[in-house]
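Okay, run-v8.cif is below, mmCIF, C-alpha atoms:
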```cif
data_structure
#
loop_
_atom_site.group_PDB
_atom_site.id
_atom_site.type_symbol
_atom_site.label_atom_id
_atom_site.label_comp_id
_atom_site.auth_asym_id
_atom_site.auth_seq_id
_atom_site.Cartn_x
_atom_site.Cartn_y
_atom_site.Cartn_z
ATOM 1 C CA MET A 285 0.000 0.000 0.000
ATOM 2 C CA LEU A 286 1.370 3.388 -0.968
ATOM 3 C CA ASP A 287 1.055 6.234 1.489
ATOM 4 C CA GLY A 288 0.811 9.857 0.426
ATOM 5 C CA ARG A 289 4.484 10.600 0.801
ATOM 6 C CA THR A 290 5.592 7.672 -1.355
ATOM 7 C CA THR A 291 3.092 8.594 -4.065
ATOM 8 C CA LEU A 292 4.364 12.185 -4.022
ATOM 9 C CA ASP A 293 7.936 10.922 -4.280
ATOM 10 C CA LEU A 294 7.009 8.722 -7.237
ATOM 11 C CA VAL A 295 5.226 11.584 -9.035
ATOM 12 C CA ILE A 296 8.135 13.963 -8.476
ATOM 13 C CA GLY A 297 10.653 11.305 -9.486
ATOM 14 C CA PHE A 298 8.752 10.592 -12.698
ATOM 15 C CA LEU A 299 8.458 14.294 -13.548
ATOM 16 C CA GLY A 300 12.149 14.777 -12.740
ATOM 17 C CA LEU A 301 13.080 11.923 -15.064
ATOM 18 C CA LEU A 302 10.991 13.480 -17.839
ATOM 19 C CA MET A 303 12.698 16.830 -17.176
ATOM 20 C CA ILE A 304 16.155 15.287 -17.493
ATOM 21 C CA LEU A 305 15.167 13.521 -20.712
ATOM 22 C CA ALA A 306 13.683 16.694 -22.197
ATOM 23 C CA ALA A 307 16.757 18.704 -21.188
ATOM 24 C CA LEU A 308 19.125 16.151 -22.755
ATOM 25 C CA TRP A 309 17.001 16.006 -25.909
ATOM 26 C CA SER A 310 16.967 19.790 -26.168
ATOM 27 C CA VAL A 311 20.770 19.888 -25.975
ATOM 28 C CA LEU A 312 21.211 17.094 -28.502
ATOM 29 C CA ALA A 313 18.466 18.169 -30.938
ATOM 30 C CA LYS A 314 19.668 19.061 -34.427
ATOM 31 C CA ARG A 315 17.134 21.833 -35.057
ATOM 32 C CA LEU A 316 17.255 24.975 -32.916
ATOM 33 C CA LEU A 317 13.462 25.210 -32.974
ATOM 34 C CA SER A 318 13.159 21.814 -31.278
ATOM 35 C CA SER A 319 15.707 22.872 -28.666
ATOM 36 C CA VAL A 320 13.739 26.014 -27.844
ATOM 37 C CA LEU A 321 10.437 24.157 -27.560
ATOM 38 C CA LEU A 322 11.953 21.368 -25.460
ATOM 39 C CA SER A 323 13.541 23.807 -23.020
ATOM 40 C CA GLY A 324 10.086 25.350 -22.671
ATOM 41 C CA GLY A 325 8.840 21.841 -21.942
ATOM 42 C CA VAL A 326 11.419 21.461 -19.157
ATOM 43 C CA SER A 327 9.972 24.587 -17.528
ATOM 44 C CA LEU A 328 6.444 23.248 -17.888
ATOM 45 C CA LEU A 329 7.438 19.991 -16.158
ATOM 46 C CA ALA A 330 9.240 21.991 -13.455
ATOM 47 C CA SER A 331 6.031 23.919 -12.812
ATOM 48 C CA LEU A 332 4.222 20.583 -12.348
ATOM 49 C CA VAL A 333 6.882 19.580 -9.791
ATOM 50 C CA PHE A 334 6.331 22.862 -7.907
ATOM 51 C CA LEU A 335 2.583 22.204 -7.954
ATOM 52 C CA ALA A 336 3.134 18.712 -6.532
ATOM 53 C CA LEU A 337 5.331 20.194 -3.791
ATOM 54 C CA GLY A 338 2.505 22.539 -2.785
ATOM 55 C CA ALA A 339 3.720 25.849 -4.253
ATOM 56 C CA PRO A 340 1.004 26.887 -6.731
ATOM 57 C CA ASP A 341 2.260 30.483 -6.924
ATOM 58 C CA VAL A 342 5.778 29.425 -7.900
ATOM 59 C CA ALA A 343 4.256 26.955 -10.377
ATOM 60 C CA MET A 344 2.222 29.761 -11.945
ATOM 61 C CA THR A 345 5.301 31.968 -12.358
ATOM 62 C CA GLU A 346 7.399 29.140 -13.742
ATOM 63 C CA ALA A 347 4.725 28.176 -16.279
ATOM 64 C CA ALA A 348 4.182 31.747 -17.470
ATOM 65 C CA ILE A 349 7.830 32.919 -17.469
ATOM 66 C CA GLY A 350 9.672 29.697 -18.245
ATOM 67 C CA SER A 351 7.438 28.102 -20.816
ATOM 68 C CA ALA A 352 5.578 31.052 -22.341
ATOM 69 C CA LEU A 353 7.598 34.267 -22.204
ATOM 70 C CA THR A 354 11.143 32.834 -22.398
ATOM 71 C CA THR A 355 10.171 30.529 -25.259
ATOM 72 C CA MET A 356 8.683 33.486 -27.100
ATOM 73 C CA VAL A 357 11.799 35.608 -26.587
ATOM 74 C CA PHE A 358 13.917 32.721 -27.964
ATOM 75 C CA LEU A 359 11.564 32.278 -30.908
ATOM 76 C CA TYR A 360 11.715 35.981 -31.762
ATOM 77 C CA SER A 361 15.522 35.899 -31.698
ATOM 78 C CA LEU A 362 15.481 32.702 -33.767
ATOM 79 C CA SER A 363 13.307 34.327 -36.413
ATOM 80 C CA ARG A 364 15.658 37.303 -36.454
ATOM 81 C CA MET A 365 18.671 35.032 -36.898
ATOM 82 C CA LYS A 366 16.866 33.301 -39.747
ATOM 83 C CA VAL A 367 16.149 36.601 -41.519
ATOM 84 C CA GLU A 368 19.847 37.512 -41.346
ATOM 85 C CA CYS A 369 20.928 34.049 -42.536
ATOM 86 C CA ASP A 370 18.470 34.216 -45.436
ATOM 87 C CA ALA A 371 19.800 37.599 -46.432
ATOM 88 C CA SER A 372 23.442 36.518 -46.361
ATOM 89 C CA GLU A 373 23.479 32.989 -47.761
ATOM 90 C CA ASP A 374 20.186 32.410 -49.505
ATOM 91 C CA GLY A 375 17.995 30.611 -47.025
ATOM 92 C CA GLY A 376 19.767 27.927 -45.017
ATOM 93 C CA ARG A 377 17.548 25.684 -42.938
ATOM 94 C CA SER A 378 17.410 26.562 -39.275
ATOM 95 C CA MET B 80 36.827 11.456 -24.619
ATOM 96 C CA MET B 81 38.737 12.825 -21.639
ATOM 97 C CA LYS B 82 36.526 15.918 -21.694
ATOM 98 C CA LYS B 83 33.377 13.803 -21.568
ATOM 99 C CA ILE B 84 34.662 11.773 -18.605
ATOM 100 C CA LEU B 85 35.550 14.967 -16.742
ATOM 101 C CA LEU B 86 32.094 16.410 -17.499
ATOM 102 C CA LEU B 87 30.389 13.276 -16.204
ATOM 103 C CA ALA B 88 32.537 13.345 -13.069
ATOM 104 C CA ALA B 89 31.625 16.997 -12.472
ATOM 105 C CA ILE B 90 27.916 16.245 -12.882
ATOM 106 C CA ALA B 91 28.171 13.247 -10.529
ATOM 107 C CA LEU B 92 29.950 15.401 -7.940
ATOM 108 C CA LEU B 93 27.245 18.053 -8.194
ATOM 109 C CA ALA B 94 24.512 15.430 -7.807
ATOM 110 C CA PHE B 95 26.319 14.012 -4.743
ATOM 111 C CA ALA B 96 26.609 17.499 -3.227
ATOM 112 C CA LEU B 97 22.922 18.302 -3.812
ATOM 113 C CA TRP B 98 21.575 14.906 -2.732
ATOM 114 C CA PRO B 99 20.998 15.784 0.970
ATOM 115 C CA PHE B 100 18.684 18.665 -0.028
ATOM 116 C CA VAL B 101 16.654 16.376 -2.286
ATOM 117 C CA ARG B 102 16.497 13.620 0.320
ATOM 118 C CA ASP B 103 15.274 15.874 3.112
ATOM 119 C CA VAL B 104 12.811 17.922 1.091
ATOM 120 C CA GLY B 105 9.713 18.720 3.114
ATOM 121 C CA LEU B 106 11.032 17.003 6.228
ATOM 122 C CA ALA B 107 13.006 19.782 7.895
ATOM 123 C CA GLU B 108 11.407 21.756 10.710
ATOM 124 C CA PRO B 109 11.063 25.483 9.963
ATOM 125 C CA GLY B 110 13.799 27.503 11.667
ATOM 126 C CA ALA B 111 13.286 30.090 14.383
ATOM 127 C CA LEU B 112 12.744 32.999 11.969
ATOM 128 C CA ALA B 113 10.327 31.016 9.788
ATOM 129 C CA THR B 114 8.382 29.936 12.861
ATOM 130 C CA ALA B 115 8.119 33.534 14.013
ATOM 131 C CA TYR B 116 6.834 34.611 10.584
ATOM 132 C CA LEU B 117 4.303 31.759 10.510
ATOM 133 C CA GLU B 118 2.981 32.507 13.980
ATOM 134 C CA GLN B 119 3.040 36.305 13.971
ATOM 135 C CA GLY B 120 2.300 37.103 10.329
ATOM 136 C CA PRO B 121 -1.486 36.703 10.372
ATOM 137 C CA ALA B 122 -1.832 38.434 13.745
ATOM 138 C CA GLU B 123 0.511 41.337 13.025
ATOM 139 C CA LEU B 124 -0.377 42.104 9.421
ATOM 140 C CA GLY B 125 -3.762 40.462 8.885
ATOM 141 C CA THR B 126 -2.652 38.413 5.864
ATOM 142 C CA ALA B 127 -4.115 34.960 5.362
ATOM 143 C CA ASN B 128 -1.216 34.137 2.982
ATOM 144 C CA VAL B 129 1.990 34.265 5.006
ATOM 145 C CA VAL B 130 4.207 34.274 1.886
ATOM 146 C CA THR B 131 2.727 37.629 0.896
ATOM 147 C CA ALA B 132 3.274 39.024 4.403
ATOM 148 C CA ILE B 133 6.958 38.132 4.080
ATOM 149 C CA VAL B 134 7.374 39.312 0.477
ATOM 150 C CA VAL B 135 5.575 42.634 0.785
ATOM 151 C CA SER B 136 6.165 43.589 4.393
ATOM 152 C CA TYR B 137 8.890 41.746 6.339
ATOM 153 C CA ARG B 138 11.134 41.594 3.267
ATOM 154 C CA GLY B 139 9.479 44.533 1.512
ATOM 155 C CA PHE B 140 12.777 46.217 0.837
ATOM 156 C CA ASP B 141 14.004 43.157 -1.085
ATOM 157 C CA THR B 142 10.850 43.259 -3.192
ATOM 158 C CA LEU B 143 11.487 46.905 -4.001
ATOM 159 C CA GLY B 144 14.970 45.845 -5.088
ATOM 160 C CA GLU B 145 13.543 43.077 -7.293
ATOM 161 C CA VAL B 146 11.162 45.510 -8.949
ATOM 162 C CA THR B 147 14.121 47.819 -9.570
ATOM 163 C CA VAL B 148 16.132 44.966 -11.108
ATOM 164 C CA LEU B 149 13.245 44.125 -13.428
ATOM 165 C CA PHE B 150 12.897 47.776 -14.384
ATOM 166 C CA THR B 151 16.618 48.002 -15.163
ATOM 167 C CA ALA B 152 16.433 44.849 -17.283
ATOM 168 C CA THR B 153 13.478 46.218 -19.244
ATOM 169 C CA ALA B 154 15.173 49.560 -19.730
ATOM 170 C CA GLY B 155 18.316 47.775 -20.924
ATOM 171 C CA VAL B 156 16.468 45.602 -23.432
ATOM 172 C CA GLY B 157 14.460 48.565 -24.676
ATOM 173 C CA GLY B 158 17.554 50.738 -24.996
ATOM 174 C CA LEU B 159 19.589 48.098 -26.855
ATOM 175 C CA LEU B 160 16.821 47.184 -29.269
ATOM 176 C CA ALA B 161 15.565 50.719 -29.904
ATOM 177 C CA ARG B 162 18.967 51.688 -31.305
ATOM 178 C CA ARG B 163 18.457 49.537 -34.391
ATOM 179 C CA LYS B 164 14.982 50.757 -35.187
ATOM 180 C CA GLY B 165 14.211 52.276 -38.521
ATOM 181 C CA HIS B 166 15.854 49.792 -40.846
ATOM 182 C CA GLY B 167 14.795 46.306 -41.773
ATOM 183 C CA LYS B 168 11.164 47.018 -41.023
ATOM 184 C CA LYS B 169 8.927 45.371 -43.550
ATOM 185 C CA LYS B 170 5.287 44.464 -43.792
ATOM 186 C CA ALA B 171 4.376 40.919 -42.832
ATOM 187 C CA ALA B 172 3.422 40.052 -46.396
ATOM 188 C CA GLU B 173 6.832 41.148 -47.731
ATOM 189 C CA ARG B 174 8.623 39.022 -45.140
ATOM 190 C CA GLY B 175 6.607 36.070 -46.349
ATOM 191 C CA ALA B 176 5.202 35.484 -42.882
ATOM 192 C CA SER B 177 2.029 33.477 -42.881
ATOM 193 C CA ASP B 178 -1.115 34.703 -41.208
ATOM 194 C CA ALA B 179 -2.061 33.276 -37.819
ATOM 195 C CA SER B 180 -4.454 30.353 -37.983
ATOM 196 C CA GLU B 181 -8.180 30.778 -37.454
ATOM 197 C CA ILE B 182 -8.050 28.638 -34.307
ATOM 198 C CA LEU B 183 -5.366 30.842 -32.721
ATOM 199 C CA LYS B 184 -7.218 34.038 -33.635
ATOM 200 C CA THR B 185 -10.554 32.853 -32.209
ATOM 201 C CA ALA B 186 -8.921 31.403 -29.090
ATOM 202 C CA SER B 187 -6.986 34.595 -28.443
ATOM 203 C CA ARG B 188 -10.162 36.677 -28.657
ATOM 204 C CA LEU B 189 -11.718 34.381 -26.073
ATOM 205 C CA LEU B 190 -8.669 33.872 -23.836
ATOM 206 C CA SER B 191 -6.979 37.277 -23.695
ATOM 207 C CA PRO B 192 -9.695 39.090 -21.682
ATOM 208 C CA LEU B 193 -10.078 36.099 -19.380
ATOM 209 C CA LEU B 194 -6.309 35.957 -18.779
ATOM 210 C CA VAL B 195 -6.191 39.676 -17.960
ATOM 211 C CA LEU B 196 -9.082 39.175 -15.542
ATOM 212 C CA PHE B 197 -7.301 36.175 -13.973
ATOM 213 C CA GLY B 198 -4.096 38.178 -13.583
ATOM 214 C CA VAL B 199 -5.954 41.000 -11.847
ATOM 215 C CA TYR B 200 -7.656 38.439 -9.606
ATOM 216 C CA ILE B 201 -4.288 36.911 -8.672
ATOM 217 C CA PHE B 202 -2.708 40.174 -7.599
ATOM 218 C CA LEU B 203 -5.820 41.529 -5.875
ATOM 219 C CA HIS B 204 -6.086 38.344 -3.795
ATOM 220 C CA GLY B 205 -2.342 38.100 -3.146
ATOM 221 C CA HIS B 206 -2.830 38.484 0.604
ATOM 222 C CA LEU B 207 -5.485 35.744 0.729
ATOM 223 C CA THR B 208 -4.505 33.016 -1.728
ATOM 224 C CA PRO B 209 -1.219 31.841 -3.295
ATOM 225 C CA GLY B 210 0.058 34.310 -5.849
ATOM 226 C CA GLY B 211 0.578 38.038 -5.915
ATOM 227 C CA GLY B 212 1.930 40.925 -7.896
ATOM 228 C CA PHE B 213 4.641 39.085 -9.815
ATOM 229 C CA GLN B 214 2.424 36.137 -10.707
ATOM 230 C CA GLY B 215 -0.504 38.358 -11.700
ATOM 231 C CA GLY B 216 1.723 40.616 -13.793
ATOM 232 C CA VAL B 217 3.211 37.616 -15.579
ATOM 233 C CA VAL B 218 -0.247 36.242 -16.382
ATOM 234 C CA ILE B 219 -1.252 39.634 -17.827
ATOM 235 C CA ALA B 220 1.876 39.621 -19.998
ATOM 236 C CA THR B 221 0.869 36.147 -21.221
ATOM 237 C CA ALA B 222 -2.515 37.546 -22.265
ATOM 238 C CA VAL B 223 -0.776 40.233 -24.323
ATOM 239 C CA LEU B 224 1.545 37.572 -25.769
ATOM 240 C CA ILE B 225 -1.407 35.540 -27.069
ATOM 241 C CA GLY B 226 -2.840 38.686 -28.643
ATOM 242 C CA LEU B 227 0.490 39.452 -30.337
ATOM 243 C CA LEU B 228 0.751 35.881 -31.641
ATOM 244 C CA ALA B 229 -2.719 36.027 -33.158
ATOM 245 C CA ASP B 230 -2.278 39.442 -34.742
ATOM 246 C CA PRO B 231 1.418 40.344 -35.219
ATOM 247 C CA GLU B 232 0.502 43.646 -36.876
ATOM 248 C CA ALA B 233 -1.305 44.919 -33.785
ATOM 249 C CA GLY B 234 0.524 47.748 -32.060
ATOM 250 C CA LEU B 235 0.616 48.348 -28.331
ATOM 251 C CA ALA B 236 -0.374 51.633 -26.747
ATOM 252 C CA HIS B 237 3.151 52.530 -25.663
ATOM 253 C CA GLY B 238 2.140 55.778 -24.008
ATOM 254 C CA VAL B 239 -0.364 54.040 -21.751
ATOM 255 C CA MET B 240 2.161 51.309 -20.907
ATOM 256 C CA HIS B 241 4.851 53.804 -19.909
ATOM 257 C CA LEU B 242 2.327 55.796 -17.906
ATOM 258 C CA VAL B 243 1.100 52.708 -16.011
ATOM 259 C CA GLU B 244 4.640 51.544 -15.342
ATOM 260 C CA GLY B 245 5.932 54.900 -14.158
ATOM 261 C CA LEU B 246 2.905 55.774 -12.046
ATOM 262 C CA SER B 247 2.726 52.387 -10.329
ATOM 263 C CA GLY B 248 6.439 52.437 -9.548
ATOM 264 C CA PHE B 249 6.137 55.937 -8.123
ATOM 265 C CA ALA B 250 3.037 55.016 -6.100
ATOM 266 C CA TYR B 251 4.820 51.930 -4.716
ATOM 267 C CA VAL B 252 7.662 54.022 -3.319
ATOM 268 C CA ALA B 253 5.182 56.685 -2.144
ATOM 269 C CA LEU B 254 3.215 54.029 -0.205
ATOM 270 C CA GLY B 255 6.447 52.798 1.333
ATOM 271 C CA ALA B 256 7.260 56.335 2.443
ATOM 272 C CA ALA B 257 3.692 56.682 3.749
ATOM 273 C CA GLY B 258 4.333 53.644 5.951
ATOM 274 C CA LEU B 259 7.386 55.410 7.315
ATOM 275 C CA TRP B 260 5.483 58.634 7.893
ATOM 276 C CA PHE B 261 2.129 57.550 9.292
ATOM 277 C CA THR B 262 3.097 54.628 11.517
ATOM 278 C CA GLY B 263 5.985 56.376 13.181
ATOM 279 C CA VAL B 264 9.664 55.999 12.486
ATOM 280 C CA GLN B 265 10.051 52.929 14.731
ATOM 281 C CA GLU B 266 7.860 50.904 12.332
ATOM 282 C CA GLY B 267 9.788 51.751 9.216
ATOM 283 C CA PHE B 268 9.704 51.982 5.454
ATOM 284 C CA LEU B 269 7.055 49.918 3.609
ATOM 285 C CA ASP B 270 5.046 49.202 6.755
ATOM 286 C CA PRO B 271 1.507 48.463 5.479
ATOM 287 C CA ARG B 272 -0.247 49.139 8.755
ATOM 288 C CA PHE B 273 -1.101 52.791 8.172
ATOM 289 C CA LEU B 274 -4.322 51.517 6.570
ATOM 290 C CA PRO B 275 -6.759 49.538 8.773
ATOM 291 C CA LEU B 276 -5.896 45.842 9.023
ATOM 292 C CA GLY B 277 -9.514 44.728 8.806
ATOM 293 C CA GLU B 278 -10.722 41.190 9.357
ATOM 294 C CA LEU B 279 -8.471 38.234 8.492
ATOM 295 C CA GLY B 280 -9.496 36.670 5.188
ATOM 296 C CA ARG B 281 -11.498 39.589 3.743
ATOM 297 C CA LEU B 282 -10.541 41.223 0.454
ATOM 298 C CA ALA B 283 -10.205 44.652 2.100
ATOM 299 C CA SER B 284 -7.789 43.626 4.832
ATOM 300 C CA ALA B 285 -4.069 43.520 5.638
ATOM 301 C CA GLY B 286 -3.570 47.293 5.455
ATOM 302 C CA ALA B 287 -1.765 48.523 2.369
ATOM 303 C CA ILE B 288 -0.558 45.069 1.259
ATOM 304 C CA PRO B 289 -3.235 44.519 -1.459
ATOM 305 C CA VAL B 290 -2.642 48.051 -2.782
ATOM 306 C CA ILE B 291 1.128 47.564 -2.910
ATOM 307 C CA TYR B 292 0.811 44.149 -4.547
ATOM 308 C CA SER B 293 -1.646 45.491 -7.133
ATOM 309 C CA LEU B 294 0.838 48.230 -8.025
ATOM 310 C CA VAL B 295 3.625 45.634 -8.306
ATOM 311 C CA GLY B 296 1.334 43.548 -10.531
ATOM 312 C CA LEU B 297 0.599 46.458 -12.874
ATOM 313 C CA LYS B 298 4.280 47.363 -13.031
ATOM 314 C CA VAL B 299 5.484 43.819 -13.733
ATOM 315 C CA GLY B 300 2.753 43.312 -16.341
ATOM 316 C CA ALA B 301 3.626 46.548 -18.145
ATOM 317 C CA GLU B 302 7.376 45.813 -18.056
ATOM 318 C CA LEU B 303 7.184 42.251 -19.373
ATOM 319 C CA THR B 304 4.764 43.385 -22.074
ATOM 320 C CA GLY B 305 7.280 46.071 -22.993
ATOM 321 C CA ILE B 306 10.091 43.471 -23.336
ATOM 322 C CA LEU B 307 7.900 41.264 -25.537
ATOM 323 C CA ASP B 308 6.915 44.198 -27.718
ATOM 324 C CA ALA B 309 10.534 45.334 -28.107
ATOM 325 C CA MET B 310 11.600 41.793 -29.093
ATOM 326 C CA LYS B 311 8.724 41.500 -31.551
ATOM 327 C CA GLU B 312 9.487 44.799 -33.251
ATOM 328 C CA ASP B 313 13.153 43.915 -33.459
ATOM 329 C CA ALA B 314 12.395 40.527 -35.027
ATOM 330 C CA GLU B 315 10.443 42.234 -37.808
#
```

What is this structure when it is put down as structure tokens?
Amino acid sequence: MLDGRTTLDLVIGFLGLLMILAALWSVLAKRLLSSVLLSGGVSLLASLVFLALGAPDVAMTEAAIGSALTTMVFLYSLSRMKVECDASEDGGRS
Amino acid sequence: MMKKILLLAAIALLAFALWPFVRDVGLAEPGALATAYLEQGPAELGTANVVTAIVVSYRGFDTLGEVTVLFTATAGVGGLLARRKGHGKKKAAERGASDASEILKTASRLLSPLLVLFGVYIFLHGHLTPGGGFQGGVVIATAVLIGLLADPEAGLAHGVMHLVEGLSGFAYVALGAAGLWFTGVQEGFLDPRFLPLGELGRLASAGAIPVIYSLVGLKVGAELTGILDAMKEDAE
């Protein structure tokens, strides 16, 4: 029989494992776009961990800043990089 | 090869060093200061949410510093990006950017007002429920972000943004000074108790804390929106 603490540990362990996998994948990914999206995913999973640990306000901030705003800032810079690449060497893939 | 082994060793060492914190999470007793905050916070300041009592009042000066850091960051981003304005600006059609999808447009019309409302709710109820000025401001910025995604051509009312940001920052410091002035010098800067504390758990309670947190929320929302807008205009 699982008590509450063990269940919480299992949930956090599972989410932590997913976070590590997503972080590794985002480092190893060939396309920059995938890296950006996966690092946003790491933040989303981190916000779930904070929620499981009983900190809904931190979870809210992490979800909004980490997965929404930071990802957007990266995407804007990525699109800017792409424009400059296209101008200089005729449209390389990102 | 050698580099990879060294990297792995460094990571293993870090994991070993951090392991005690992970193992004992949630088990440690709160220290003397934390216990004092937990026991005296609701009685002294009338806040149902002790985290807010600490953030806005006991550690209010740190929060003022954080707001200043965020302001400096926004000013820096705005200053760096504004320098390159004026060239490379094209219409969306010329850049070959595709229009936002119908689903995104419809969803943003539905979600943006609700998100703004939710953000305002979060910072107004910061002294009662988890959340507060920073969280509420961030949620408001997310609402603006969805709007910008759905309609990249839409401009922001920069004048209003700057006005909100400047006025709320000024009012925050003015309220802090009011705490110094009206509660007597022994209470100190950013003391919220110059307004009536009211009844624990009511919306109009905890002195000036809801007012201060609402101002922080407006300021954070306006600043993050400003960063997003600067990035968007620079990417165009």

List every residue of chain B that has an atom at most 12 Å from any atom of chain A, giving for each one its closest atom pair and the distance in Å to one decimal, counting only C-alpha atoms, sorted by chain and then by ascending residue number, as a tab-separated table.
```
residue	atom	partner	partner_atom	distance
B:Val101	CA	A:Asp293	CA	10.5
B:Arg102	CA	A:Asp293	CA	10.1
B:Asp103	CA	A:Asp293	CA	11.5
B:Val104	CA	A:Leu337	CA	9.2
B:Gly105	CA	A:Leu337	CA	8.3
B:Leu106	CA	A:Arg289	CA	10.6
B:Asn128	CA	A:Asp341	CA	11.1
B:Val130	CA	A:Asp341	CA	9.8
B:Thr131	CA	A:Asp341	CA	10.6
B:Val156	CA	A:Val357	CA	11.5
B:Leu160	CA	A:Ser361	CA	11.6
B:Gly167	CA	A:Val367	CA	9.8
B:Lys168	CA	A:Val367	CA	11.6
B:Lys169	CA	A:Val367	CA	11.5
B:Arg174	CA	A:Val367	CA	8.7
B:Gly175	CA	A:Val367	CA	10.7
B:Ala176	CA	A:Ser363	CA	10.4
B:Leu194	CA	A:Ala348	CA	11.4
B:Phe197	CA	A:Met344	CA	11.7
B:Gly198	CA	A:Met344	CA	10.7
B:Ile201	CA	A:Asp341	CA	9.3
B:Phe202	CA	A:Asp341	CA	10.9
B:His204	CA	A:Asp341	CA	11.9
B:Gly205	CA	A:Asp341	CA	9.7
B:Thr208	CA	A:Asp341	CA	8.9
B:Pro209	CA	A:Asp341	CA	5.2
B:Gly210	CA	A:Asp341	CA	4.5
B:Gly211	CA	A:Asp341	CA	7.8
B:Gly212	CA	A:Asp341	CA	10.5
B:Phe213	CA	A:Thr345	CA	7.6
B:Gln214	CA	A:Thr345	CA	5.3
B:Gly215	CA	A:Thr345	CA	8.7
B:Gly216	CA	A:Thr345	CA	9.5
B:Val217	CA	A:Ala348	CA	6.2
B:Val218	CA	A:Ala348	CA	6.4
B:Ile219	CA	A:Ala348	CA	9.6
B:Ala220	CA	A:Leu353	CA	8.1
B:Thr221	CA	A:Ala348	CA	6.7
B:Ala222	CA	A:Ala348	CA	10.1
B:Val223	CA	A:Leu353	CA	10.5
B:Leu224	CA	A:Leu353	CA	7.8
B:Ile225	CA	A:Ala352	CA	9.6
B:Leu227	CA	A:Met356	CA	10.6
B:Leu228	CA	A:Met356	CA	9.4
B:Pro231	CA	A:Tyr360	CA	11.7
B:Val299	CA	A:Ile349	CA	11.8
B:Gly300	CA	A:Ile349	CA	11.6
B:Leu303	CA	A:Leu353	CA	8.5
B:Thr304	CA	A:Leu353	CA	9.5
B:Gly305	CA	A:Leu353	CA	11.8
B:Ile306	CA	A:Val357	CA	8.7
B:Leu307	CA	A:Val357	CA	6.9
B:Asp308	CA	A:Val357	CA	9.9
B:Ala309	CA	A:Val357	CA	9.9
B:Met310	CA	A:Tyr360	CA	6.4
B:Lys311	CA	A:Tyr360	CA	6.3
B:Glu312	CA	A:Tyr360	CA	9.2
B:Asp313	CA	A:Arg364	CA	7.7
B:Ala314	CA	A:Arg364	CA	4.8
B:Glu315	CA	A:Arg364	CA	7.3
```

Within-12 Å shell of (14.4, 15.0, -13.3) in input frame, all atoms listed in the file, as a JSON list (two decimals) with C-alpha atoms, keeping the file's coordinate frame:
```
[["chain", "number", "residue", "atom", "x", "y", "z"],
["A", 293, "ASP", "CA", 7.94, 10.92, -4.28],
["A", 294, "LEU", "CA", 7.01, 8.72, -7.24],
["A", 295, "VAL", "CA", 5.23, 11.58, -9.04],
["A", 296, "ILE", "CA", 8.14, 13.96, -8.48],
["A", 297, "GLY", "CA", 10.65, 11.30, -9.49],
["A", 298, "PHE", "CA", 8.75, 10.59, -12.70],
["A", 299, "LEU", "CA", 8.46, 14.29, -13.55],
["A", 300, "GLY", "CA", 12.15, 14.78, -12.74],
["A", 301, "LEU", "CA", 13.08, 11.92, -15.06],
["A", 302, "LEU", "CA", 10.99, 13.48, -17.84],
["A", 303, "MET", "CA", 12.70, 16.83, -17.18],
["A", 304, "ILE", "CA", 16.16, 15.29, -17.49],
["A", 305, "LEU", "CA", 15.17, 13.52, -20.71],
["A", 306, "ALA", "CA", 13.68, 16.69, -22.20],
["A", 307, "ALA", "CA", 16.76, 18.70, -21.19],
["A", 308, "LEU", "CA", 19.12, 16.15, -22.76],
["A", 326, "VAL", "CA", 11.42, 21.46, -19.16],
["A", 327, "SER", "CA", 9.97, 24.59, -17.53],
["A", 329, "LEU", "CA", 7.44, 19.99, -16.16],
["A", 330, "ALA", "CA", 9.24, 21.99, -13.46],
["A", 332, "LEU", "CA", 4.22, 20.58, -12.35],
["A", 333, "VAL", "CA", 6.88, 19.58, -9.79],
["B", 94, "ALA", "CA", 24.51, 15.43, -7.81],
["B", 101, "VAL", "CA", 16.65, 16.38, -2.29]]
```

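When atom CA of Leu87 of chain B is paired with atom CA of Ser310 of chain A, their separation reads 17.9 Å.
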
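Distance-wise, atom CA of Leu259 of chain B and atom CA of Val146 of chain B end up 19.4 Å apart.
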
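If you measure from each of B:Phe150, B:Trp98, B:Tyr116, B:Phe261 to Tyr137 of chain B using all atoms listed in the file, the closest one turns out to be B:Tyr116.
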
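The space between atom CA of Val239 of chain B and atom CA of Gly286 of chain B spans 28.2 Å.
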
To test the calculation: enclose all listed atoms of segment 335-345 of chain A in a box whose edges run along x, y and z, add 8 Å on each side, then state centre and edge lengths in Å to one decimal, as lines of an AutoDock Vina configuration file.
```
center_x = 3.4
center_y = 25.3
center_z = -7.6
size_x = 20.8
size_y = 29.3
size_z = 25.6
```

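Of the residues listed (B:Leu159, B:Ala229, B:Ala152, B:Met81), B:Ala229 shows the shortest atom-to-atom separation from Lys184 of chain B; distances use only C-alpha atoms.
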
List the residues selected by the PyMOL selection byres ((chain B and resi 289) around 8) in the file shown, writing them as a short mmCIF file (atom, residue, chain, number, x, y, z; two decimals) with C-alpha atoms, in the coordinates of the input.
```cif
data_model
loop_
_atom_site.label_atom_id
_atom_site.label_comp_id
_atom_site.auth_asym_id
_atom_site.auth_seq_id
_atom_site.Cartn_x
_atom_site.Cartn_y
_atom_site.Cartn_z
CA PHE B 202 -2.71 40.17 -7.60
CA LEU B 203 -5.82 41.53 -5.88
CA HIS B 204 -6.09 38.34 -3.80
CA GLY B 205 -2.34 38.10 -3.15
CA HIS B 206 -2.83 38.48 0.60
CA ALA B 283 -10.20 44.65 2.10
CA SER B 284 -7.79 43.63 4.83
CA ALA B 285 -4.07 43.52 5.64
CA GLY B 286 -3.57 47.29 5.46
CA ALA B 287 -1.76 48.52 2.37
CA ILE B 288 -0.56 45.07 1.26
CA VAL B 290 -2.64 48.05 -2.78
CA ILE B 291 1.13 47.56 -2.91
CA TYR B 292 0.81 44.15 -4.55
CA SER B 293 -1.65 45.49 -7.13
#
```
